[in-house]
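Asks: Quick one: the structure is below, and I'll ask about it shortly.
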Amino acid sequence: MEFCDPYGWHQVDAETLLFIREKLGELEKLTWKEVLKPGSGSHPMPTKELCKEARDRLVELEIDEADNLVSIRLQQKMRVWGYMDQGILNLLWWDPEHSVYPMNIANN
């Protein structure tokens, strides 16, 4: 988990952290197939499609060899990002504004 800008968990307040914990706890009851099903908003994302800042950070972290990261949708724009290792999602970034993979998403 990153605790520095631009996608650091240090930005998360207590209320939001409880919300994230609740959402991720709900997902723990599901299989990866269910979590990443089409239409869920959660999905693998090719690293080559991430914003330049995210790709550069992967190089700094020496995990740029990963072909994909996983984006977990918590709310409309809110995402957590991680990488899979032996079926386990290692949380990497907190992305409340969907800026790791920018899109035009309405507030919610």
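Identifiers in the structure tokens: chain A, B, ... in order shown; residue index from 1 per chain; ligand index from 1 in order shown.
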With only C-alpha atoms as the counted atoms, please give the residues lying no more than 10 Å from region 64-81 of chain A, apart from itself and same-chain residues fewer than 6 positions off, as a compact mmCIF listing (two decimals) with all heavy atoms, in the first residue's frame.
Replies:
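This is the output file out.txt:
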```
# COMPACT_ATOMS: atom_id res chain seq x y z
N MET A 1 0.84 -1.18 0.00
CA MET A 1 0.00 0.00 0.00
C MET A 1 0.88 1.24 0.00
O MET A 1 1.85 1.31 0.74
CB MET A 1 -0.90 0.02 1.23
CG MET A 1 -1.95 -1.07 1.24
SD MET A 1 -2.95 -1.09 2.76
CE MET A 1 -4.05 0.24 2.45
N TYR A 7 -1.46 8.76 -5.05
CA TYR A 7 -2.59 7.85 -4.81
C TYR A 7 -2.50 7.19 -3.44
O TYR A 7 -2.88 6.04 -3.26
CB TYR A 7 -2.64 6.77 -5.89
CG TYR A 7 -2.49 7.30 -7.29
CD1 TYR A 7 -1.39 6.98 -8.06
CD2 TYR A 7 -3.44 8.15 -7.82
CE1 TYR A 7 -1.25 7.48 -9.35
CE2 TYR A 7 -3.31 8.67 -9.10
CZ TYR A 7 -2.20 8.32 -9.85
OH TYR A 7 -2.07 8.82 -11.11
N TRP A 9 -2.78 6.16 0.54
CA TRP A 9 -3.79 5.87 1.55
C TRP A 9 -3.74 6.87 2.69
O TRP A 9 -4.67 6.95 3.49
CB TRP A 9 -3.59 4.44 2.07
CG TRP A 9 -3.95 3.43 1.03
CD1 TRP A 9 -3.13 2.89 0.09
CD2 TRP A 9 -5.24 2.87 0.80
NE1 TRP A 9 -3.82 2.01 -0.70
CE2 TRP A 9 -5.12 1.98 -0.29
CE3 TRP A 9 -6.47 3.03 1.42
CZ2 TRP A 9 -6.21 1.26 -0.77
CZ3 TRP A 9 -7.55 2.30 0.94
CH2 TRP A 9 -7.40 1.43 -0.16
N PHE A 19 -15.79 2.94 5.40
CA PHE A 19 -16.56 2.63 4.20
C PHE A 19 -15.80 1.65 3.30
O PHE A 19 -16.36 0.66 2.83
CB PHE A 19 -16.87 3.93 3.44
CG PHE A 19 -17.46 3.71 2.08
CD1 PHE A 19 -18.78 3.35 1.93
CD2 PHE A 19 -16.67 3.86 0.94
CE1 PHE A 19 -19.32 3.13 0.66
CE2 PHE A 19 -17.19 3.64 -0.32
CZ PHE A 19 -18.53 3.28 -0.46
N ILE A 20 -14.52 1.92 3.08
CA ILE A 20 -13.69 1.05 2.24
C ILE A 20 -13.62 -0.35 2.86
O ILE A 20 -13.79 -1.36 2.15
CB ILE A 20 -12.27 1.63 2.07
CG1 ILE A 20 -12.31 2.93 1.28
CG2 ILE A 20 -11.34 0.61 1.40
CD1 ILE A 20 -11.01 3.72 1.32
N GLU A 22 -15.74 -1.82 4.80
CA GLU A 22 -17.04 -2.48 4.64
C GLU A 22 -17.21 -3.02 3.22
O GLU A 22 -17.61 -4.16 3.03
CB GLU A 22 -18.16 -1.50 4.98
CG GLU A 22 -19.55 -2.08 4.83
CD GLU A 22 -20.63 -1.06 5.15
OE1 GLU A 22 -20.48 -0.31 6.14
OE2 GLU A 22 -21.61 -1.00 4.40
N LYS A 23 -16.89 -2.18 2.24
CA LYS A 23 -17.04 -2.60 0.84
C LYS A 23 -16.12 -3.77 0.51
O LYS A 23 -16.55 -4.74 -0.13
CB LYS A 23 -16.74 -1.43 -0.10
CG LYS A 23 -17.80 -0.38 -0.12
CD LYS A 23 -19.08 -0.94 -0.67
CE LYS A 23 -19.84 0.09 -1.45
NZ LYS A 23 -21.05 -0.43 -2.06
N LEU A 24 -14.87 -3.69 0.92
CA LEU A 24 -13.94 -4.78 0.63
C LEU A 24 -14.33 -6.04 1.39
O LEU A 24 -14.18 -7.16 0.88
CB LEU A 24 -12.50 -4.37 0.97
CG LEU A 24 -11.91 -3.28 0.09
CD1 LEU A 24 -10.49 -2.94 0.55
CD2 LEU A 24 -11.92 -3.66 -1.38
N LEU A 27 -16.85 -7.87 -0.57
CA LEU A 27 -16.25 -8.56 -1.72
C LEU A 27 -15.53 -9.84 -1.32
O LEU A 27 -15.41 -10.76 -2.13
CB LEU A 27 -15.28 -7.62 -2.45
CG LEU A 27 -15.91 -6.39 -3.09
CD1 LEU A 27 -14.84 -5.53 -3.75
CD2 LEU A 27 -16.98 -6.78 -4.10
N VAL A 35 -16.50 -10.99 -8.41
CA VAL A 35 -16.03 -9.62 -8.17
C VAL A 35 -15.78 -8.89 -9.49
O VAL A 35 -16.14 -7.73 -9.66
CB VAL A 35 -14.74 -9.61 -7.32
CG1 VAL A 35 -14.12 -8.21 -7.25
CG2 VAL A 35 -15.01 -10.14 -5.92
N LEU A 36 -15.17 -9.60 -10.44
CA LEU A 36 -14.75 -8.98 -11.69
C LEU A 36 -15.73 -9.21 -12.85
O LEU A 36 -15.37 -9.00 -14.01
CB LEU A 36 -13.36 -9.51 -12.07
CG LEU A 36 -12.26 -9.27 -11.02
CD1 LEU A 36 -10.97 -9.93 -11.45
CD2 LEU A 36 -12.07 -7.79 -10.74
N SER A 40 -19.81 -4.95 -13.15
CA SER A 40 -19.58 -4.68 -11.73
C SER A 40 -18.81 -3.39 -11.51
O SER A 40 -18.82 -2.84 -10.42
CB SER A 40 -18.81 -5.84 -11.09
OG SER A 40 -17.48 -5.88 -11.57
N GLY A 41 -18.11 -2.94 -12.53
CA GLY A 41 -17.25 -1.76 -12.38
C GLY A 41 -15.86 -2.10 -11.88
O GLY A 41 -14.99 -1.26 -11.84
N SER A 42 -15.66 -3.35 -11.49
CA SER A 42 -14.34 -3.82 -11.05
C SER A 42 -13.79 -4.70 -12.16
O SER A 42 -14.52 -5.52 -12.73
CB SER A 42 -14.46 -4.63 -9.76
OG SER A 42 -14.96 -3.82 -8.72
N HIS A 43 -12.50 -4.52 -12.46
CA HIS A 43 -11.95 -5.24 -13.61
C HIS A 43 -10.43 -5.12 -13.64
O HIS A 43 -9.86 -4.19 -13.07
CB HIS A 43 -12.51 -4.66 -14.90
CG HIS A 43 -12.36 -3.17 -14.98
ND1 HIS A 43 -11.20 -2.56 -15.40
CD2 HIS A 43 -13.21 -2.18 -14.63
CE1 HIS A 43 -11.35 -1.25 -15.34
NE2 HIS A 43 -12.55 -0.98 -14.86
N PRO A 44 -9.78 -6.06 -14.34
CA PRO A 44 -8.36 -5.89 -14.61
C PRO A 44 -8.19 -4.75 -15.62
O PRO A 44 -9.06 -4.53 -16.46
CB PRO A 44 -7.92 -7.22 -15.23
CG PRO A 44 -9.07 -8.13 -15.12
CD PRO A 44 -10.29 -7.32 -14.83
N MET A 45 -7.10 -4.03 -15.52
CA MET A 45 -6.82 -2.93 -16.44
C MET A 45 -5.39 -3.06 -16.92
O MET A 45 -4.47 -3.10 -16.09
CB MET A 45 -7.02 -1.59 -15.74
CG MET A 45 -6.68 -0.39 -16.59
SD MET A 45 -7.62 -0.23 -18.11
CE MET A 45 -9.24 0.09 -17.49
N PRO A 46 -5.18 -3.13 -18.23
CA PRO A 46 -3.80 -3.19 -18.73
C PRO A 46 -3.01 -1.97 -18.26
O PRO A 46 -3.47 -0.83 -18.36
CB PRO A 46 -3.97 -3.17 -20.25
CG PRO A 46 -5.36 -3.67 -20.49
CD PRO A 46 -6.16 -3.18 -19.30
N THR A 47 -1.82 -2.21 -17.73
CA THR A 47 -1.02 -1.11 -17.19
C THR A 47 -0.67 -0.09 -18.27
O THR A 47 -0.53 1.08 -17.97
CB THR A 47 0.26 -1.63 -16.52
OG1 THR A 47 0.97 -2.47 -17.42
CG2 THR A 47 -0.07 -2.41 -15.26
N LYS A 48 -0.58 -0.53 -19.51
CA LYS A 48 -0.24 0.40 -20.60
C LYS A 48 -1.34 1.44 -20.82
O LYS A 48 -1.11 2.46 -21.44
CB LYS A 48 0.05 -0.35 -21.89
CG LYS A 48 -1.13 -1.08 -22.46
CD LYS A 48 -0.77 -1.85 -23.70
CE LYS A 48 -2.00 -2.58 -24.22
NZ LYS A 48 -1.71 -3.42 -25.36
N GLU A 49 -2.54 1.20 -20.28
CA GLU A 49 -3.65 2.14 -20.44
C GLU A 49 -3.80 3.10 -19.26
O GLU A 49 -4.65 3.99 -19.28
CB GLU A 49 -4.96 1.38 -20.67
CG GLU A 49 -4.94 0.62 -21.98
CD GLU A 49 -6.26 -0.05 -22.29
OE1 GLU A 49 -7.30 0.42 -21.80
OE2 GLU A 49 -6.25 -1.04 -23.03
N LEU A 50 -2.99 2.93 -18.22
CA LEU A 50 -3.05 3.82 -17.07
C LEU A 50 -2.43 5.17 -17.42
O LEU A 50 -1.67 5.29 -18.39
CB LEU A 50 -2.29 3.20 -15.89
CG LEU A 50 -2.75 1.82 -15.45
CD1 LEU A 50 -1.89 1.34 -14.29
CD2 LEU A 50 -4.22 1.80 -15.10
N ALA A 54 0.79 7.14 -13.15
CA ALA A 54 0.65 5.81 -12.55
C ALA A 54 1.69 4.84 -13.14
O ALA A 54 2.33 4.09 -12.40
CB ALA A 54 -0.76 5.28 -12.77
N ARG A 55 1.89 4.90 -14.45
CA ARG A 55 2.90 4.02 -15.08
C ARG A 55 4.29 4.34 -14.56
O ARG A 55 5.07 3.44 -14.26
CB ARG A 55 2.84 4.16 -16.60
CG ARG A 55 1.57 3.59 -17.22
CD ARG A 55 1.64 3.50 -18.75
NE ARG A 55 2.27 4.62 -19.39
CZ ARG A 55 1.64 5.70 -19.86
NH1 ARG A 55 0.33 5.81 -19.75
NH2 ARG A 55 2.32 6.66 -20.47
N ASP A 56 4.59 5.63 -14.42
CA ASP A 56 5.89 6.03 -13.88
C ASP A 56 6.07 5.54 -12.45
O ASP A 56 7.15 5.10 -12.06
CB ASP A 56 6.05 7.55 -13.93
CG ASP A 56 6.21 8.10 -15.35
OD1 ASP A 56 6.43 7.29 -16.29
OD2 ASP A 56 6.10 9.32 -15.51
N ARG A 57 5.00 5.59 -11.67
CA ARG A 57 5.09 5.14 -10.28
C ARG A 57 5.32 3.63 -10.22
O ARG A 57 6.07 3.16 -9.36
CB ARG A 57 3.82 5.53 -9.52
CG ARG A 57 3.89 5.25 -8.05
CD ARG A 57 4.94 6.11 -7.37
NE ARG A 57 5.09 5.67 -5.98
CZ ARG A 57 6.23 5.58 -5.34
NH1 ARG A 57 7.35 5.96 -5.91
NH2 ARG A 57 6.28 5.16 -4.10
N LEU A 58 4.72 2.88 -11.11
CA LEU A 58 4.96 1.43 -11.16
C LEU A 58 6.43 1.14 -11.43
O LEU A 58 7.00 0.21 -10.85
CB LEU A 58 4.08 0.76 -12.21
CG LEU A 58 2.59 0.71 -11.90
CD1 LEU A 58 1.82 0.17 -13.10
CD2 LEU A 58 2.32 -0.12 -10.66
N LEU A 89 -5.27 -10.16 -3.90
CA LEU A 89 -5.13 -8.78 -4.35
C LEU A 89 -4.32 -8.00 -3.33
O LEU A 89 -4.70 -7.87 -2.16
CB LEU A 89 -6.50 -8.11 -4.52
CG LEU A 89 -6.46 -6.67 -5.01
CD1 LEU A 89 -5.90 -6.60 -6.43
CD2 LEU A 89 -7.84 -6.05 -4.95
N ASN A 90 -3.18 -7.51 -3.75
CA ASN A 90 -2.33 -6.66 -2.93
C ASN A 90 -2.73 -5.21 -3.21
O ASN A 90 -2.53 -4.73 -4.33
CB ASN A 90 -0.86 -6.87 -3.27
CG ASN A 90 -0.39 -8.25 -2.89
OD1 ASN A 90 -0.15 -8.53 -1.74
ND2 ASN A 90 -0.30 -9.14 -3.88
N LEU A 91 -3.31 -4.56 -2.22
CA LEU A 91 -3.76 -3.18 -2.41
C LEU A 91 -2.56 -2.28 -2.64
O LEU A 91 -1.54 -2.40 -1.98
CB LEU A 91 -4.56 -2.70 -1.21
CG LEU A 91 -5.88 -3.40 -0.98
CD1 LEU A 91 -6.58 -2.82 0.23
CD2 LEU A 91 -6.79 -3.32 -2.20
N LEU A 92 -2.74 -1.38 -3.57
CA LEU A 92 -1.66 -0.47 -3.94
C LEU A 92 -2.08 0.98 -3.75
O LEU A 92 -1.47 1.71 -2.99
CB LEU A 92 -1.27 -0.75 -5.40
CG LEU A 92 -0.10 -0.01 -5.99
CD1 LEU A 92 1.18 -0.27 -5.19
CD2 LEU A 92 0.09 -0.42 -7.45
N TRP A 93 -3.14 1.40 -4.43
CA TRP A 93 -3.50 2.81 -4.47
C TRP A 93 -4.94 3.07 -4.08
O TRP A 93 -5.84 2.29 -4.36
CB TRP A 93 -3.30 3.37 -5.87
CG TRP A 93 -1.90 3.39 -6.36
CD1 TRP A 93 -0.76 3.62 -5.63
CD2 TRP A 93 -1.46 3.15 -7.69
NE1 TRP A 93 0.34 3.56 -6.44
CE2 TRP A 93 -0.05 3.28 -7.71
CE3 TRP A 93 -2.11 2.86 -8.88
CZ2 TRP A 93 0.70 3.12 -8.87
CZ3 TRP A 93 -1.36 2.71 -10.03
CH2 TRP A 93 0.04 2.84 -10.02
N TRP A 94 -5.16 4.23 -3.49
CA TRP A 94 -6.48 4.79 -3.23
C TRP A 94 -6.71 5.84 -4.30
O TRP A 94 -5.90 6.75 -4.48
CB TRP A 94 -6.49 5.42 -1.83
CG TRP A 94 -7.62 6.36 -1.57
CD1 TRP A 94 -7.51 7.68 -1.25
CD2 TRP A 94 -9.01 6.06 -1.58
NE1 TRP A 94 -8.76 8.22 -1.08
CE2 TRP A 94 -9.71 7.24 -1.28
CE3 TRP A 94 -9.76 4.91 -1.85
CZ2 TRP A 94 -11.09 7.31 -1.21
CZ3 TRP A 94 -11.13 4.97 -1.78
CH2 TRP A 94 -11.78 6.16 -1.46
N ASP A 95 -7.80 5.71 -5.03
CA ASP A 95 -8.08 6.57 -6.18
C ASP A 95 -9.51 7.10 -6.10
O ASP A 95 -10.40 6.61 -6.80
CB ASP A 95 -7.86 5.77 -7.47
CG ASP A 95 -8.01 6.58 -8.73
OD1 ASP A 95 -7.98 7.83 -8.67
OD2 ASP A 95 -8.15 5.96 -9.80
N PRO A 96 -9.76 8.10 -5.25
CA PRO A 96 -11.13 8.57 -5.06
C PRO A 96 -11.71 9.32 -6.26
O PRO A 96 -12.93 9.43 -6.39
CB PRO A 96 -11.02 9.50 -3.86
CG PRO A 96 -9.62 10.00 -3.90
CD PRO A 96 -8.81 8.84 -4.42
N GLU A 97 -10.87 9.81 -7.16
CA GLU A 97 -11.34 10.59 -8.30
C GLU A 97 -11.21 9.86 -9.64
O GLU A 97 -11.34 10.48 -10.69
CB GLU A 97 -10.60 11.93 -8.36
CG GLU A 97 -10.85 12.80 -7.15
CD GLU A 97 -12.31 13.19 -6.98
OE1 GLU A 97 -12.99 13.43 -8.01
OE2 GLU A 97 -12.78 13.23 -5.83
N HIS A 98 -10.91 8.58 -9.59
CA HIS A 98 -10.75 7.78 -10.82
C HIS A 98 -9.69 8.40 -11.72
O HIS A 98 -9.85 8.51 -12.93
CB HIS A 98 -12.08 7.65 -11.56
CG HIS A 98 -12.19 6.42 -12.40
ND1 HIS A 98 -11.38 6.18 -13.48
CD2 HIS A 98 -13.02 5.36 -12.32
CE1 HIS A 98 -11.72 5.03 -14.05
NE2 HIS A 98 -12.71 4.51 -13.35
N SER A 99 -8.56 8.79 -11.13
CA SER A 99 -7.53 9.47 -11.91
C SER A 99 -6.42 8.55 -12.41
O SER A 99 -5.66 8.94 -13.29
CB SER A 99 -6.92 10.62 -11.09
OG SER A 99 -6.35 10.13 -9.90
N VAL A 100 -6.34 7.33 -11.87
CA VAL A 100 -5.33 6.38 -12.36
C VAL A 100 -5.66 6.01 -13.81
O VAL A 100 -4.77 5.88 -14.64
CB VAL A 100 -5.26 5.12 -11.47
CG1 VAL A 100 -4.36 4.06 -12.07
CG2 VAL A 100 -4.78 5.49 -10.07
N TYR A 101 -6.92 5.86 -14.10
CA TYR A 101 -7.40 5.63 -15.46
C TYR A 101 -8.51 6.65 -15.69
O TYR A 101 -9.68 6.38 -15.43
CB TYR A 101 -7.91 4.21 -15.64
CG TYR A 101 -8.45 3.92 -17.03
CD1 TYR A 101 -7.57 3.83 -18.10
CD2 TYR A 101 -9.79 3.76 -17.26
CE1 TYR A 101 -8.03 3.59 -19.39
CE2 TYR A 101 -10.28 3.51 -18.54
CZ TYR A 101 -9.40 3.42 -19.58
OH TYR A 101 -9.86 3.17 -20.86
N PRO A 102 -8.15 7.85 -16.12
CA PRO A 102 -9.13 8.94 -16.21
C PRO A 102 -10.27 8.64 -17.19
O PRO A 102 -10.06 8.10 -18.28
CB PRO A 102 -8.30 10.12 -16.71
CG PRO A 102 -6.89 9.76 -16.45
CD PRO A 102 -6.82 8.27 -16.51
N MET A 103 -11.45 8.95 -16.73
CA MET A 103 -12.67 8.83 -17.55
C MET A 103 -13.59 9.96 -17.16
O MET A 103 -13.45 10.55 -16.09
CB MET A 103 -13.36 7.48 -17.30
CG MET A 103 -12.54 6.29 -17.71
SD MET A 103 -13.42 4.74 -17.35
CE MET A 103 -14.81 4.87 -18.47
N ASN A 104 -14.58 10.22 -17.95
CA ASN A 104 -15.59 11.22 -17.62
C ASN A 104 -16.70 10.52 -16.85
O ASN A 104 -17.60 9.95 -17.43
CB ASN A 104 -16.13 11.87 -18.90
CG ASN A 104 -17.07 12.99 -18.60
OD1 ASN A 104 -17.13 13.50 -17.47
ND2 ASN A 104 -17.84 13.41 -19.59
N ILE A 105 -16.61 10.57 -15.52
CA ILE A 105 -17.59 9.91 -14.66
C ILE A 105 -18.28 10.96 -13.80
O ILE A 105 -17.62 11.79 -13.19
CB ILE A 105 -16.91 8.86 -13.76
CG1 ILE A 105 -16.28 7.77 -14.63
CG2 ILE A 105 -17.89 8.26 -12.78
CD1 ILE A 105 -15.54 6.73 -13.85
N ALA A 106 -19.58 10.89 -13.74
CA ALA A 106 -20.35 11.84 -12.92
C ALA A 106 -20.07 11.62 -11.45
O ALA A 106 -19.70 10.52 -11.04
CB ALA A 106 -21.84 11.67 -13.20
N ASN A 107 -20.24 12.67 -10.67
CA ASN A 107 -20.07 12.56 -9.22
C ASN A 107 -21.10 11.63 -8.61
O ASN A 107 -22.23 11.59 -9.04
CB ASN A 107 -20.20 13.94 -8.55
CG ASN A 107 -19.04 14.83 -8.88
OD1 ASN A 107 -17.93 14.36 -9.13
ND2 ASN A 107 -19.28 16.11 -8.88
N ASN A 108 -20.64 10.93 -7.55
CA ASN A 108 -21.53 10.09 -6.75
C ASN A 108 -20.70 9.38 -5.73
O ASN A 108 -19.72 8.83 -5.96
CB ASN A 108 -22.31 9.10 -7.58
CG ASN A 108 -23.42 8.45 -6.78
OD1 ASN A 108 -23.58 8.70 -5.60
ND2 ASN A 108 -24.16 7.62 -7.44
```
Asks: If you run DSSP on this backbone, which residues of region 48-99 of chain A come out as helix (DSSP H, G or I), and could you give them as a list of chain:residue names?
Replies: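 DSSP-assigned helix (DSSP H, G or I) residues in region 48-99 of chain A: A:Lys48, A:Glu49, A:Lys52, A:Glu53, A:Ala54, A:Arg55, A:Asp56, A:Arg57, A:Leu58, A:Val59, A:Glu60.
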Asks: For CA of Glu2 (chain A) and CA of Leu61 (chain A), determine how far apart the two atoms are, in Å to one decimal place.
Replies: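 Between CA of Glu2 (chain A) and CA of Leu61 (chain A) the gap works out to 9.8 Å.
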Asks: Run DSSP on the backbone and grab whatever in region 21-99 of chain A lands in strand (DSSP E); send it over as an MDAnalysis selection string.
Replies: chainID A and resid 43:46 68:73 79:85 88:95
Asks: For N, CA and C atoms, I'd like the residues from the last selection saved as an mmCIF file, in the first residue's frame.
Replies:
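As a result, again.cif now contains:
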```
data_model
loop_
_atom_site.group_PDB
_atom_site.id
_atom_site.type_symbol
_atom_site.label_atom_id
_atom_site.label_comp_id
_atom_site.auth_asym_id
_atom_site.auth_seq_id
_atom_site.Cartn_x
_atom_site.Cartn_y
_atom_site.Cartn_z
ATOM 1 N N HIS A 43 -12.497 -4.521 -12.456
ATOM 2 C CA HIS A 43 -11.946 -5.239 -13.605
ATOM 3 C C HIS A 43 -10.429 -5.116 -13.640
ATOM 4 N N PRO A 44 -9.780 -6.059 -14.337
ATOM 5 C CA PRO A 44 -8.356 -5.885 -14.607
ATOM 6 C C PRO A 44 -8.191 -4.746 -15.620
ATOM 7 N N MET A 45 -7.102 -4.025 -15.516
ATOM 8 C CA MET A 45 -6.823 -2.934 -16.443
ATOM 9 C C MET A 45 -5.385 -3.058 -16.916
ATOM 10 N N PRO A 46 -5.178 -3.132 -18.228
ATOM 11 C CA PRO A 46 -3.804 -3.186 -18.730
ATOM 12 C C PRO A 46 -3.009 -1.967 -18.262
ATOM 13 N N ASN A 68 -1.237 -6.200 -15.871
ATOM 14 C CA ASN A 68 -2.511 -5.626 -15.452
ATOM 15 C C ASN A 68 -2.469 -5.244 -13.986
ATOM 16 N N LEU A 69 -3.244 -4.230 -13.644
ATOM 17 C CA LEU A 69 -3.612 -3.977 -12.266
ATOM 18 C C LEU A 69 -5.108 -4.255 -12.167
ATOM 19 N N VAL A 70 -5.605 -4.376 -10.954
ATOM 20 C CA VAL A 70 -7.031 -4.596 -10.751
ATOM 21 C C VAL A 70 -7.626 -3.331 -10.151
ATOM 22 N N SER A 71 -8.694 -2.868 -10.768
ATOM 23 C CA SER A 71 -9.444 -1.712 -10.288
ATOM 24 C C SER A 71 -10.706 -2.227 -9.611
ATOM 25 N N ILE A 72 -10.877 -1.891 -8.343
ATOM 26 C CA ILE A 72 -12.066 -2.282 -7.591
ATOM 27 C C ILE A 72 -12.928 -1.049 -7.388
ATOM 28 N N ARG A 73 -14.143 -1.103 -7.928
ATOM 29 C CA ARG A 73 -15.082 0.021 -7.811
ATOM 30 C C ARG A 73 -15.765 -0.033 -6.455
ATOM 31 N N ARG A 79 -12.163 4.286 -6.464
ATOM 32 C CA ARG A 79 -11.530 3.014 -6.794
ATOM 33 C C ARG A 79 -10.389 2.738 -5.828
ATOM 34 N N VAL A 80 -10.125 1.465 -5.645
ATOM 35 C CA VAL A 80 -8.868 1.022 -5.066
ATOM 36 C C VAL A 80 -8.204 0.190 -6.145
ATOM 37 N N TRP A 81 -6.898 0.284 -6.191
ATOM 38 C CA TRP A 81 -6.108 -0.426 -7.195
ATOM 39 C C TRP A 81 -5.142 -1.373 -6.511
ATOM 40 N N GLY A 82 -4.898 -2.482 -7.161
ATOM 41 C CA GLY A 82 -3.945 -3.429 -6.626
ATOM 42 C C GLY A 82 -3.437 -4.352 -7.722
ATOM 43 N N TYR A 83 -2.595 -5.280 -7.311
ATOM 44 C CA TYR A 83 -2.088 -6.274 -8.251
ATOM 45 C C TYR A 83 -2.271 -7.657 -7.637
ATOM 46 N N MET A 84 -2.528 -8.608 -8.512
ATOM 47 C CA MET A 84 -2.781 -9.974 -8.071
ATOM 48 C C MET A 84 -1.463 -10.730 -7.920
ATOM 49 N N ASP A 85 -1.408 -11.528 -6.861
ATOM 50 C CA ASP A 85 -0.275 -12.411 -6.632
ATOM 51 C C ASP A 85 -0.829 -13.694 -6.020
ATOM 52 N N ILE A 88 -4.340 -13.433 -4.642
ATOM 53 C CA ILE A 88 -4.555 -12.444 -3.588
ATOM 54 C C ILE A 88 -4.333 -11.053 -4.171
ATOM 55 N N LEU A 89 -5.269 -10.158 -3.897
ATOM 56 C CA LEU A 89 -5.129 -8.776 -4.346
ATOM 57 C C LEU A 89 -4.316 -7.999 -3.327
ATOM 58 N N ASN A 90 -3.175 -7.512 -3.751
ATOM 59 C CA ASN A 90 -2.326 -6.659 -2.926
ATOM 60 C C ASN A 90 -2.727 -5.213 -3.212
ATOM 61 N N LEU A 91 -3.309 -4.560 -2.218
ATOM 62 C CA LEU A 91 -3.756 -3.185 -2.410
ATOM 63 C C LEU A 91 -2.559 -2.276 -2.638
ATOM 64 N N LEU A 92 -2.737 -1.375 -3.570
ATOM 65 C CA LEU A 92 -1.661 -0.474 -3.941
ATOM 66 C C LEU A 92 -2.078 0.979 -3.753
ATOM 67 N N TRP A 93 -3.138 1.398 -4.434
ATOM 68 C CA TRP A 93 -3.497 2.811 -4.469
ATOM 69 C C TRP A 93 -4.938 3.074 -4.076
ATOM 70 N N TRP A 94 -5.161 4.232 -3.494
ATOM 71 C CA TRP A 94 -6.476 4.792 -3.227
ATOM 72 C C TRP A 94 -6.714 5.843 -4.301
ATOM 73 N N ASP A 95 -7.804 5.709 -5.034
ATOM 74 C CA ASP A 95 -8.081 6.572 -6.177
ATOM 75 C C ASP A 95 -9.514 7.101 -6.099
#
```
Asks: What is the CA of Gln86 (chain A) to CA of Thr31 (chain A) distance in Å?
Replies: 13.9 Å
Asks: Using CA of Val12 (chain A) and CA of Lys33 (chain A) as the two end points, give the distance in Å to one decimal.
Replies: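 Taking CA of Val12 (chain A) as the start and CA of Lys33 (chain A) as the end point, the length is 28.1 Å.
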